[in-house]
Amino acid sequence: MRQKLIFALGIFSILLLTRNIYVISGLPPEANQGAIFKIIFFHATMAMTALTGSFVAFAASVLFLITRNFFWDALAVAVTEVGLAFLAANLITGSIWARVIWGIWWTWDARLTSALICWLLYAGYLMLRRAIEEPTQRATFAAVFNIFAFIDVPIVVFSIKWWRTQHPQPVFWAGGSFPPDWLAVFYWNLLALMALCAVMIAVRLRQEEAQREIDSLRRMAHSL
Amino acid sequence: MQISPEDITREIARLQRNFEFLSYGLIVAWLALVVYVLMMVARERKLKREIAGLRAMLEDKR
């Protein structure tokens, strides 16, 4: 049943993404920026997906520390890893947009720097997990580190409100304008990427369960 | 204001370059996700092989 659900959601997300790419390619170029502006349909949605994932990972880490249930640890690692891939895609698309509009690939402003630090912190979380062998200790240290890493997420989100940055100011929640029909396409794309992200997390979660099964089989083999 | 043929050529070149960069951006972003999915598929296969191997070993030991 779970397999079928993951498969159905995967098909849904791919079909919706295909439809969205077709719709986005048909939209006219933006008046000032031209075609490159359309990258926002993926750049911003990928960031939203990744940062939603980091919130879920934070909540799962807190729940692990409270309950000591390894499901929450598995969920935290699955969400963090998938979110890292989305955040990487977000940084790449942003850099390419910046090359066209600003004439540079990168600048050390508050938004870009905090986003890069966020990526490095979550990459560090995954490296930390590899460095600790004992499962309970690994899960505990990783949960604490994940909670610490989450401190950067509000800084990433609100940096464009708190400081003057080269990165554009908020489009959706600070009086920016976006045509209503473009906004609908944006939300459809957000839905498609969220669904794709959920599928990837479900697959990754299953792999964590398989890893735990391997660990218990190994223990059984040692005890025999 | 008069628009010269050079202005039009420059604008076409700008739009073309814009479109090229949009394509590069989307290709690279999707490539990053595809590479990650392929890594997940490889890991899934490895885990399945490992579970099968361990189960077979436990059966033999019993």
# chains A, B, ... in the order shown; residues from 1 in each chain; ligands from 1
>>> interface_residues(of="chain A", to="chain B", cutoff="7 Å", atoms="only C-alpha atoms", output="tab-separated table (two decimals) with N, CA and C atoms, in the first residue's frame")
chain	number	residue	atom	x	y	z
A	34	GLY	N	13.68	39.94	-18.92
A	34	GLY	CA	13.60	39.00	-20.04
A	34	GLY	C	13.30	37.59	-19.57
A	35	ALA	N	13.73	36.62	-20.37
A	35	ALA	CA	13.37	35.21	-20.10
A	35	ALA	C	13.97	34.68	-18.81
A	36	ILE	N	15.13	35.20	-18.44
A	36	ILE	CA	15.83	34.67	-17.25
A	36	ILE	C	14.98	34.79	-15.98
A	39	ILE	N	13.27	31.83	-14.17
A	39	ILE	CA	14.01	30.92	-13.28
A	39	ILE	C	13.44	30.99	-11.86
A	85	ALA	N	19.73	18.56	-1.33
A	85	ALA	CA	19.76	18.50	-2.80
A	85	ALA	C	18.96	19.68	-3.39
A	89	ALA	N	20.27	22.95	-5.63
A	89	ALA	CA	19.65	23.38	-6.90
A	89	ALA	C	19.25	24.85	-6.82
A	92	ILE	N	22.40	27.00	-7.19
A	92	ILE	CA	22.89	26.98	-8.59
A	92	ILE	C	22.04	27.89	-9.47
A	93	THR	N	20.71	27.75	-9.36
A	93	THR	CA	19.83	28.57	-10.21
A	93	THR	C	19.98	30.06	-9.87
A	96	ILE	N	23.16	31.43	-11.44
A	96	ILE	CA	23.04	31.64	-12.90
A	96	ILE	C	22.20	32.89	-13.20
A	100	VAL	N	23.49	36.80	-15.09
A	100	VAL	CA	22.83	37.56	-16.17
A	100	VAL	C	22.44	38.96	-15.69
A	207	GLN	N	14.98	3.57	3.02
A	207	GLN	CA	16.38	3.15	3.04
A	207	GLN	C	16.94	3.17	4.46
A	210	ALA	N	15.75	0.11	6.06
A	210	ALA	CA	16.54	-1.03	5.58
A	210	ALA	C	17.89	-1.07	6.28
A	211	GLN	N	18.48	0.11	6.50
A	211	GLN	CA	19.78	0.19	7.18
A	211	GLN	C	19.65	-0.33	8.62
A	214	ILE	N	19.51	-4.02	8.54
A	214	ILE	CA	20.87	-4.56	8.33
A	214	ILE	C	21.63	-4.58	9.67
A	217	LEU	N	20.30	-7.41	11.75
A	217	LEU	CA	20.73	-8.70	11.19
A	217	LEU	C	22.20	-8.97	11.53
A	221	ALA	N	23.76	-12.00	13.60
A	221	ALA	CA	24.85	-12.83	13.04
A	221	ALA	C	26.01	-12.92	14.02
>>> select_by_dssp(residues="range 83-199 of chain A", states="alpha helix (DSSP H)", output="PyMOL selection string")
chain A and resi 83-101+110-131+135-150+152-162+180-199
>>> write_last_selection(atoms="C-alpha atoms", output="PDB file, in the first residue's frame")
ATOM      1  CA  GLY A  83      16.452  19.221   1.404  1.00  0.00           C
ATOM      2  CA  LEU A  84      20.181  19.592   0.833  1.00  0.00           C
ATOM      3  CA  ALA A  85      19.756  18.503  -2.799  1.00  0.00           C
ATOM      4  CA  PHE A  86      16.965  21.076  -3.277  1.00  0.00           C
ATOM      5  CA  LEU A  87      19.009  23.808  -1.586  1.00  0.00           C
ATOM      6  CA  ALA A  88      21.944  23.002  -3.878  1.00  0.00           C
ATOM      7  CA  ALA A  89      19.654  23.380  -6.897  1.00  0.00           C
ATOM      8  CA  ASN A  90      18.402  26.679  -5.443  1.00  0.00           C
ATOM      9  CA  LEU A  91      21.952  28.039  -5.040  1.00  0.00           C
ATOM     10  CA  ILE A  92      22.890  26.980  -8.587  1.00  0.00           C
ATOM     11  CA  THR A  93      19.826  28.569 -10.212  1.00  0.00           C
ATOM     12  CA  GLY A  94      20.331  31.746  -8.167  1.00  0.00           C
ATOM     13  CA  SER A  95      23.960  31.983  -9.220  1.00  0.00           C
ATOM     14  CA  ILE A  96      23.040  31.640 -12.900  1.00  0.00           C
ATOM     15  CA  TRP A  97      20.343  34.322 -12.572  1.00  0.00           C
ATOM     16  CA  ALA A  98      22.883  36.606 -10.840  1.00  0.00           C
ATOM     17  CA  ARG A  99      25.370  36.168 -13.694  1.00  0.00           C
ATOM     18  CA  VAL A 100      22.833  37.558 -16.168  1.00  0.00           C
ATOM     19  CA  ILE A 101      21.271  40.306 -14.036  1.00  0.00           C
ATOM     20  CA  ALA A 110      23.463  38.451   3.812  1.00  0.00           C
ATOM     21  CA  ARG A 111      20.968  36.273   1.894  1.00  0.00           C
ATOM     22  CA  LEU A 112      23.481  34.415  -0.264  1.00  0.00           C
ATOM     23  CA  THR A 113      25.996  33.948   2.548  1.00  0.00           C
ATOM     24  CA  SER A 114      23.401  32.710   5.073  1.00  0.00           C
ATOM     25  CA  ALA A 115      21.986  30.306   2.449  1.00  0.00           C
ATOM     26  CA  LEU A 116      25.468  28.930   1.745  1.00  0.00           C
ATOM     27  CA  ILE A 117      26.130  28.570   5.496  1.00  0.00           C
ATOM     28  CA  CYS A 118      22.794  26.741   5.781  1.00  0.00           C
ATOM     29  CA  TRP A 119      23.890  24.314   3.053  1.00  0.00           C
ATOM     30  CA  LEU A 120      27.277  23.779   4.725  1.00  0.00           C
ATOM     31  CA  LEU A 121      25.665  23.219   8.161  1.00  0.00           C
ATOM     32  CA  TYR A 122      23.343  20.516   6.813  1.00  0.00           C
ATOM     33  CA  ALA A 123      26.220  18.932   4.861  1.00  0.00           C
ATOM     34  CA  GLY A 124      28.122  18.936   8.180  1.00  0.00           C
ATOM     35  CA  TYR A 125      25.140  17.212   9.823  1.00  0.00           C
ATOM     36  CA  LEU A 126      25.360  14.357   7.301  1.00  0.00           C
ATOM     37  CA  MET A 127      29.145  14.127   7.774  1.00  0.00           C
ATOM     38  CA  LEU A 128      28.722  14.032  11.550  1.00  0.00           C
ATOM     39  CA  ARG A 129      26.383  11.053  11.208  1.00  0.00           C
ATOM     40  CA  ARG A 130      28.990   9.155   9.236  1.00  0.00           C
ATOM     41  CA  ALA A 131      31.620   9.810  11.890  1.00  0.00           C
ATOM     42  CA  PRO A 135      23.383   4.372  16.794  1.00  0.00           C
ATOM     43  CA  THR A 136      21.975   6.031  19.954  1.00  0.00           C
ATOM     44  CA  GLN A 137      24.932   8.382  20.323  1.00  0.00           C
ATOM     45  CA  ARG A 138      24.817   9.166  16.586  1.00  0.00           C
ATOM     46  CA  ALA A 139      21.098   9.981  16.686  1.00  0.00           C
ATOM     47  CA  THR A 140      21.441  12.142  19.828  1.00  0.00           C
ATOM     48  CA  PHE A 141      24.433  14.178  18.598  1.00  0.00           C
ATOM     49  CA  ALA A 142      22.857  14.533  15.155  1.00  0.00           C
ATOM     50  CA  ALA A 143      19.552  15.757  16.643  1.00  0.00           C
ATOM     51  CA  VAL A 144      21.328  18.391  18.734  1.00  0.00           C
ATOM     52  CA  PHE A 145      23.367  19.498  15.709  1.00  0.00           C
ATOM     53  CA  ASN A 146      20.227  19.666  13.547  1.00  0.00           C
ATOM     54  CA  ILE A 147      18.491  21.913  16.094  1.00  0.00           C
ATOM     55  CA  PHE A 148      21.578  24.141  16.143  1.00  0.00           C
ATOM     56  CA  ALA A 149      21.688  24.254  12.312  1.00  0.00           C
ATOM     57  CA  PHE A 150      18.037  25.337  12.185  1.00  0.00           C
ATOM     58  CA  ASP A 152      20.309  29.716  10.423  1.00  0.00           C
ATOM     59  CA  VAL A 153      16.976  29.128   8.639  1.00  0.00           C
ATOM     60  CA  PRO A 154      15.112  32.242   9.946  1.00  0.00           C
ATOM     61  CA  ILE A 155      18.258  34.256   9.136  1.00  0.00           C
ATOM     62  CA  VAL A 156      18.100  32.980   5.530  1.00  0.00           C
ATOM     63  CA  VAL A 157      14.383  33.772   5.248  1.00  0.00           C
ATOM     64  CA  PHE A 158      14.366  37.219   6.894  1.00  0.00           C
ATOM     65  CA  SER A 159      17.855  38.434   5.842  1.00  0.00           C
ATOM     66  CA  ILE A 160      16.323  40.322   2.919  1.00  0.00           C
ATOM     67  CA  LYS A 161      13.994  42.133   5.345  1.00  0.00           C
ATOM     68  CA  TRP A 162      16.563  42.796   8.080  1.00  0.00           C
ATOM     69  CA  PRO A 180      -2.042  36.833 -10.507  1.00  0.00           C
ATOM     70  CA  ASP A 181      -1.877  34.315 -13.381  1.00  0.00           C
ATOM     71  CA  TRP A 182       1.920  33.953 -12.854  1.00  0.00           C
ATOM     72  CA  LEU A 183       1.275  33.510  -9.143  1.00  0.00           C
ATOM     73  CA  ALA A 184      -1.027  30.548  -9.883  1.00  0.00           C
ATOM     74  CA  VAL A 185       1.707  28.918 -11.997  1.00  0.00           C
ATOM     75  CA  PHE A 186       4.182  29.571  -9.182  1.00  0.00           C
ATOM     76  CA  TYR A 187       1.992  27.802  -6.608  1.00  0.00           C
ATOM     77  CA  TRP A 188       1.340  24.867  -8.942  1.00  0.00           C
ATOM     78  CA  ASN A 189       5.072  24.473  -9.347  1.00  0.00           C
ATOM     79  CA  LEU A 190       5.562  24.706  -5.596  1.00  0.00           C
ATOM     80  CA  LEU A 191       3.009  21.903  -5.177  1.00  0.00           C
ATOM     81  CA  ALA A 192       4.780  19.755  -7.792  1.00  0.00           C
ATOM     82  CA  LEU A 193       8.190  20.214  -6.140  1.00  0.00           C
ATOM     83  CA  MET A 194       6.760  19.569  -2.659  1.00  0.00           C
ATOM     84  CA  ALA A 195       5.204  16.330  -3.963  1.00  0.00           C
ATOM     85  CA  LEU A 196       8.506  15.317  -5.604  1.00  0.00           C
ATOM     86  CA  CYS A 197      10.339  16.123  -2.364  1.00  0.00           C
ATOM     87  CA  ALA A 198       7.840  14.013  -0.360  1.00  0.00           C
ATOM     88  CA  VAL A 199       8.429  11.049  -2.690  1.00  0.00           C
TER      89      VAL A 199
END
>>> atom_distance(atom1="CA of Gln33 in chain A", atom2="CA of Ser13 in chain A")
28.8 Å
>>> atom_distance(atom1="CA of Glu30 in chain A", atom2="CA of Glu11 in chain B")
13.7 Å
>>> atom_distance(atom1="CA of Phe12 in chain A", atom2="CA of Ser54 in chain A")
23.5 Å
